[in-house]
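Below you'll find the structure, written out as structure tokens, and then a few comments.
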Amino acid sequence: MPCAEIDQYIEALPEPGKSRLKQIRAFLEQQLPEATECFKWQMPTLHQYENLLHFASFKNHIGIFPGSEGVRFFESIRSDYPTSKGTIQIGHDREIPFEDLRLLVAFRLQKAQEKSALKQGASSKKSKR
């Protein structure tokens with residue numbers, strides 16, 4: 001379900017950020033059809049079990065925020081993009097690495113599912129006491 005805040009955020013962006021974020025958003029919607037869109041920390045966010053990732057446009061790049069574990073995974077498959085503790089930067093002068101983002105999204109979803117299963121297992125043990 002589209003989030004009006006995300007629509008407004010993207011529409012207010014200057015190019016090339018606007019068109020690039022539209023592409024990324026459409027791609028993420030395809031990859032995560034069950035995820036919920038929300039606007040957290042002033043960024044578009046996809047949530048399924050937990051916040052999977054945030055994305056935003058800046059003057060010179062798109063920022064993908066998959067958390068530190070997601071960044072480490074991305075670096076293991078693609079080391080030619082600037083990263084920091086929780087961010088992957090895709091310069092506006094570079095192609096969007098959709099195949100690598102697909103792998104990242106699958107990784108993040110798997111980790112979120114595992115955490116959710118562990119929490120459910122822990123809570124069912126407590127209820128049996």
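Starting from 1 in every chain, residues are counted up; chains themselves are A, B, ... following the order of the structure tokens, and ligands are numbered from 1 as listed.
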Closest contacts (stretch 15-114 of chain A/stretch 4-11 of chain A, max 12 Å, only C-alpha atoms) as CSV:
residue,atom,partner,partner_atom,distance
A:Glu15,CA,A:Glu11,CA,9.8
A:Pro16,CA,A:Ile10,CA,10.9
A:Gly17,CA,A:Ile10,CA,8.1
A:Lys18,CA,A:Ile10,CA,5.6
A:Ser19,CA,A:Ile10,CA,8.4
A:Arg20,CA,A:Ile10,CA,9.5
A:Leu21,CA,A:Ile10,CA,6.9
A:Lys22,CA,A:Ile10,CA,7.2
A:Gln23,CA,A:Ile10,CA,10.9
A:Ile24,CA,A:Ile10,CA,11.1
A:Arg25,CA,A:Ile6,CA,9.5
A:Ala26,CA,A:Asp7,CA,11.9
A:Thr36,CA,A:Ile6,CA,11.8
A:Glu37,CA,A:Ile6,CA,8.1
A:Cys38,CA,A:Ile6,CA,7.4
A:Phe39,CA,A:Ile6,CA,6.4
A:Lys40,CA,A:Ile6,CA,9.9
A:Trp41,CA,A:Ile6,CA,11.9
A:Gln42,CA,A:Tyr9,CA,8.8
A:Met43,CA,A:Ile6,CA,7.7
A:Pro44,CA,A:Ile6,CA,5.6
A:Thr45,CA,A:Ile6,CA,8.6
A:Leu46,CA,A:Ile6,CA,10.8
A:His54,CA,A:Ile6,CA,11.1
A:Phe55,CA,A:Ile6,CA,10.4
A:Ala56,CA,A:Ile10,CA,8.8
A:Ser57,CA,A:Ile10,CA,8.6
A:Phe58,CA,A:Ile10,CA,11.5
Atoms to include: N, CA and C atoms. Write the selected residues as a PDB file, in the first residue's frame.
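Once written, selection-v5.pdb looks like this:
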ATOM      1  N   GLU A  15      15.640  16.525  -9.640  1.00  0.00           N
ATOM      2  CA  GLU A  15      16.264  15.464 -10.447  1.00  0.00           C
ATOM      3  C   GLU A  15      17.765  15.518 -10.234  1.00  0.00           C
ATOM      4  N   PRO A  16      18.477  14.436 -10.333  1.00  0.00           N
ATOM      5  CA  PRO A  16      18.029  13.111 -10.747  1.00  0.00           C
ATOM      6  C   PRO A  16      17.487  12.260  -9.606  1.00  0.00           C
ATOM      7  N   GLY A  17      17.522  12.787  -8.375  1.00  0.00           N
ATOM      8  CA  GLY A  17      17.069  12.010  -7.224  1.00  0.00           C
ATOM      9  C   GLY A  17      15.638  11.526  -7.347  1.00  0.00           C
ATOM     10  N   LYS A  18      14.763  12.392  -7.859  1.00  0.00           N
ATOM     11  CA  LYS A  18      13.352  12.032  -7.967  1.00  0.00           C
ATOM     12  C   LYS A  18      13.163  10.782  -8.828  1.00  0.00           C
ATOM     13  N   SER A  19      13.690  10.779 -10.024  1.00  0.00           N
ATOM     14  CA  SER A  19      13.470   9.639 -10.917  1.00  0.00           C
ATOM     15  C   SER A  19      14.191   8.392 -10.409  1.00  0.00           C
ATOM     16  N   ARG A  20      15.355   8.565  -9.803  1.00  0.00           N
ATOM     17  CA  ARG A  20      16.088   7.406  -9.293  1.00  0.00           C
ATOM     18  C   ARG A  20      15.368   6.776  -8.096  1.00  0.00           C
ATOM     19  N   LEU A  21      14.823   7.601  -7.212  1.00  0.00           N
ATOM     20  CA  LEU A  21      14.084   7.046  -6.087  1.00  0.00           C
ATOM     21  C   LEU A  21      12.792   6.377  -6.537  1.00  0.00           C
ATOM     22  N   LYS A  22      12.156   6.913  -7.568  1.00  0.00           N
ATOM     23  CA  LYS A  22      10.964   6.249  -8.118  1.00  0.00           C
ATOM     24  C   LYS A  22      11.330   4.860  -8.638  1.00  0.00           C
ATOM     25  N   GLN A  23      12.475   4.750  -9.311  1.00  0.00           N
ATOM     26  CA  GLN A  23      12.922   3.448  -9.816  1.00  0.00           C
ATOM     27  C   GLN A  23      13.202   2.481  -8.663  1.00  0.00           C
ATOM     28  N   ILE A  24      13.896   2.965  -7.667  1.00  0.00           N
ATOM     29  CA  ILE A  24      14.238   2.117  -6.526  1.00  0.00           C
ATOM     30  C   ILE A  24      12.982   1.697  -5.782  1.00  0.00           C
ATOM     31  N   ARG A  25      12.064   2.614  -5.585  1.00  0.00           N
ATOM     32  CA  ARG A  25      10.822   2.290  -4.883  1.00  0.00           C
ATOM     33  C   ARG A  25      10.036   1.220  -5.631  1.00  0.00           C
ATOM     34  N   ALA A  26       9.884   1.380  -6.937  1.00  0.00           N
ATOM     35  CA  ALA A  26       9.154   0.392  -7.736  1.00  0.00           C
ATOM     36  C   ALA A  26       9.843  -0.972  -7.662  1.00  0.00           C
ATOM     37  N   THR A  36       5.362  -3.356   4.227  1.00  0.00           N
ATOM     38  CA  THR A  36       4.591  -2.140   4.432  1.00  0.00           C
ATOM     39  C   THR A  36       5.510  -0.937   4.230  1.00  0.00           C
ATOM     40  N   GLU A  37       5.028   0.021   3.475  1.00  0.00           N
ATOM     41  CA  GLU A  37       5.772   1.278   3.317  1.00  0.00           C
ATOM     42  C   GLU A  37       5.415   2.205   4.464  1.00  0.00           C
ATOM     43  N   CYS A  38       6.422   2.858   5.005  1.00  0.00           N
ATOM     44  CA  CYS A  38       6.182   3.868   6.022  1.00  0.00           C
ATOM     45  C   CYS A  38       7.290   4.920   5.917  1.00  0.00           C
ATOM     46  N   PHE A  39       7.131   5.982   6.643  1.00  0.00           N
ATOM     47  CA  PHE A  39       8.090   7.081   6.600  1.00  0.00           C
ATOM     48  C   PHE A  39       8.681   7.224   7.996  1.00  0.00           C
ATOM     49  N   LYS A  40       9.936   6.798   8.162  1.00  0.00           N
ATOM     50  CA  LYS A  40      10.593   6.845   9.467  1.00  0.00           C
ATOM     51  C   LYS A  40      11.935   7.543   9.323  1.00  0.00           C
ATOM     52  N   TRP A  41      12.307   8.294  10.339  1.00  0.00           N
ATOM     53  CA  TRP A  41      13.559   9.051  10.335  1.00  0.00           C
ATOM     54  C   TRP A  41      13.667   9.921   9.086  1.00  0.00           C
ATOM     55  N   GLN A  42      12.528  10.452   8.664  1.00  0.00           N
ATOM     56  CA  GLN A  42      12.425  11.341   7.497  1.00  0.00           C
ATOM     57  C   GLN A  42      12.883  10.660   6.212  1.00  0.00           C
ATOM     58  N   MET A  43      12.675   9.337   6.125  1.00  0.00           N
ATOM     59  CA  MET A  43      13.058   8.579   4.935  1.00  0.00           C
ATOM     60  C   MET A  43      12.002   7.529   4.619  1.00  0.00           C
ATOM     61  N   PRO A  44      11.830   7.232   3.330  1.00  0.00           N
ATOM     62  CA  PRO A  44      10.997   6.087   2.965  1.00  0.00           C
ATOM     63  C   PRO A  44      11.586   4.815   3.586  1.00  0.00           C
ATOM     64  N   THR A  45      10.703   3.976   4.111  1.00  0.00           N
ATOM     65  CA  THR A  45      11.112   2.774   4.833  1.00  0.00           C
ATOM     66  C   THR A  45      10.234   1.610   4.417  1.00  0.00           C
ATOM     67  N   LEU A  46      10.826   0.431   4.318  1.00  0.00           N
ATOM     68  CA  LEU A  46      10.072  -0.791   4.079  1.00  0.00           C
ATOM     69  C   LEU A  46      10.166  -1.659   5.320  1.00  0.00           C
ATOM     70  N   HIS A  54      15.800   1.621   4.694  1.00  0.00           N
ATOM     71  CA  HIS A  54      15.353   2.979   4.406  1.00  0.00           C
ATOM     72  C   HIS A  54      16.107   3.406   3.157  1.00  0.00           C
ATOM     73  N   PHE A  55      15.556   4.370   2.441  1.00  0.00           N
ATOM     74  CA  PHE A  55      16.271   4.906   1.282  1.00  0.00           C
ATOM     75  C   PHE A  55      15.944   6.381   1.149  1.00  0.00           C
ATOM     76  N   ALA A  56      16.907   7.135   0.628  1.00  0.00           N
ATOM     77  CA  ALA A  56      16.737   8.583   0.540  1.00  0.00           C
ATOM     78  C   ALA A  56      17.643   9.132  -0.552  1.00  0.00           C
ATOM     79  N   SER A  57      17.299  10.333  -1.009  1.00  0.00           N
ATOM     80  CA  SER A  57      18.114  11.004  -2.014  1.00  0.00           C
ATOM     81  C   SER A  57      18.842  12.175  -1.370  1.00  0.00           C
ATOM     82  N   PHE A  58      20.092  12.321  -1.763  1.00  0.00           N
ATOM     83  CA  PHE A  58      20.925  13.425  -1.316  1.00  0.00           C
ATOM     84  C   PHE A  58      21.464  14.147  -2.541  1.00  0.00           C
TER      85      PHE A  58
END
One residue among A:Thr87, A:Gly121, A:Ala12, A:Leu104 is nearest to A:Phe65 when using only C-alpha atoms, and that residue is A:Thr87
So that I can see what lies close to A:Glu99, please list as an NGL selection string the residues with an atom at most 12 Å from it, counting only C-alpha atoms and leaving out residues fewer than 3 positions away in the same chain.
:A and (24 or 27-28 or 31 or 74 or 77-78 or 95-96 or 102-106)
If DSSP is run on the backbone, what residues of chain A are helix (DSSP H, G or I)? A reply as a PyMOL selection string would be ideal.
chain A and resi 4-11+17-31+67-77+98-128
Closest of A:Leu13, A:Ile88, A:Gln30, A:Lys119 to A:Leu53, counting only C-alpha atoms, is A:Ile88
